[in-house]
Amino acid sequence: VAKALRRTSADEVDAEAARTAYEEADRAFRDAETSYQEHHKPFEEARVQAQEEYEASRRKIASAVEQVREEMEKAPQEFQERYDVILADYQSLCEGERVKVLDAGGLHIIGTERHESRRIDNQLRGRAGRQGDPGSSRFYLCLEDDLLRIFGAERIQGLMERMGMEEGEPIEHRLITRAVANAQSKVEGRNFDMRKHLLEYDDVMNQQREVVYGRRREILSSSNLKNDILEMVEQAAEAIAQQFAVDETPADEWDWAALGDATFKAFNQRMEFDEEERASMTAADLAAQLHERALAHYQAREDNFTPPVMRQLEKFVMLQTLDALWKDHLLSMDHLKEGIGLRGYGQKNPLQEYKKEGFTLFEVTMAQFQNDVVEKAFAVQVAAQTDVQRIEEQRRQEPQQMVMSGGGQAAQPARRAPKTVRNDQEKVGRNDPCPCGSGKKYKKCHGS
């Protein structure tokens, strides 16, 4: 509107019409604002009233709760007297019911089945004679019960048929009681053997667990693990030297290329030796040289990262490696335990075989722990804070694939349609001569 008012008549714009339109728009705006205030005022009044009613109700309830608390604090003896009266009423009621039960002969326990453990049956019988009260118990059994069906049901069934007893007729004889007791004894013996063997297998894992957890506690409580790392480095250097260096073999015939690969894998540094060093080198000299160079490389890394950072890296690497290998070892021991029982078919004691192979797996795990710690200690790098922020920013910018709660994937954004590749050459039939000029049919030559 302001532009219209500033324009001249040459622009062919009616200034009076623009001014009129502006005034009408301003009038409509003011009317709408007035109408809004009129409609909003009742709502605001209702909101304030509801808030006042809520505050009044809240104060009333809080005051009532506070009064009850004060009354209880003022007269604790009165409430204790009420409690004693109620307790006496219930005690007299229970005593009257107890007298009725005793006059009727006490509590009678009815069992519909015998448990496989005599201890459970005795506990159930004991409910009928608590603290010298009279009572009785009776169990009703069936030859189709699990306990009798597994142990001795056929023998009892044959005895019943010989005696001419009909189905549904009750049997009360010491033979049945003795058969049930024998069955329970067999089941208890079997369960005891199962628990005993399970405990023996658990003892194997418990011994290994004590070693690993003891090692882990040492790592957590220690503030300087450099000596442990250096000891592992020395053992790794000796192992590499024993693998590739043999005193009976001339040094020129050693696999120096594989030796360089092994040192690069272990110490993140390919250690090369010139011809003069190789000529007069022995296995002991090689181990000493590898150890010396590895220590120098590790010291250079410590100077670069600073000793406090290196101490933290050592602890983190050792803990992370030990936890990961221990989880894998537990899984391997579970797999071994599942199939170790089959060794019994080969006239071998499964428990002894489990102990032997479990010890072998544990030794392999601890050796792998030392190798992994040395490799990670030489290979791990410390990232600057700016690099971490840059990586996190790139990760946030990458589109994440959404997975629905039911396991399905969400709808993926539309992808660009693949470009169709067309071959302008004439298509060769299967029975036509091959274009290569061999004289054979296409299906017998390049079309096969």
# chains A, B, ... in the order shown; residues from 1 in each chain; ligands from 1
>>> residues_around(residues="Phe378 of chain A", least_positions_apart="3", cutoff="7 Å", atoms="only C-alpha atoms", output="list in words")
Phe267, Asn268, Tyr298, Val374 and Glu375 of chain A
>>> residues_around(residues="Ala241 of chain A", least_positions_apart="5", cutoff="7 Å", atoms="only C-alpha atoms", output="VMD selection string")
chain A and resid 283 286 to 287
>>> atom_distance(atom1="atom CA of Gln368 of chain A", atom2="atom CA of Leu322 of chain A")
9.6 Å
>>> atom_distance(atom1="atom CA of Ala181 of chain A", atom2="atom CA of Gly111 of chain A")
15.6 Å
>>> select_by_dssp(residues="segment 82-220 of chain A", states="helix (DSSP H, G or I)", output="ChimeraX atom specification")
/A:82-103,118-132,146-150,153-163,174-220
>>> residues_around(residues="segment 186-198 of chain A", least_positions_apart="4", cutoff="9 Å", atoms="only C-alpha atoms", output="ChimeraX atom specification")
/A:116-118,147,151,181-182,202-203,351
>>> closest_residue(among="A:Leu319, A:Ile156, A:Val68, A:Met333", to="Ser221 of chain A", atoms="only C-alpha atoms")
A:Leu319
>>> select_by_dssp(residues="segment 110-177 of chain A", states="strand (DSSP E)", output="list of chain:residue names")
A:Ile110, A:Gly111, A:Gly135, A:Ser136, A:Ser137, A:Arg138, A:Phe139
>>> closest_residue(among="A:Gly346, A:Val246, A:Lys265, A:Arg209", to="Leu330 of chain A", atoms="only C-alpha atoms")
A:Arg209
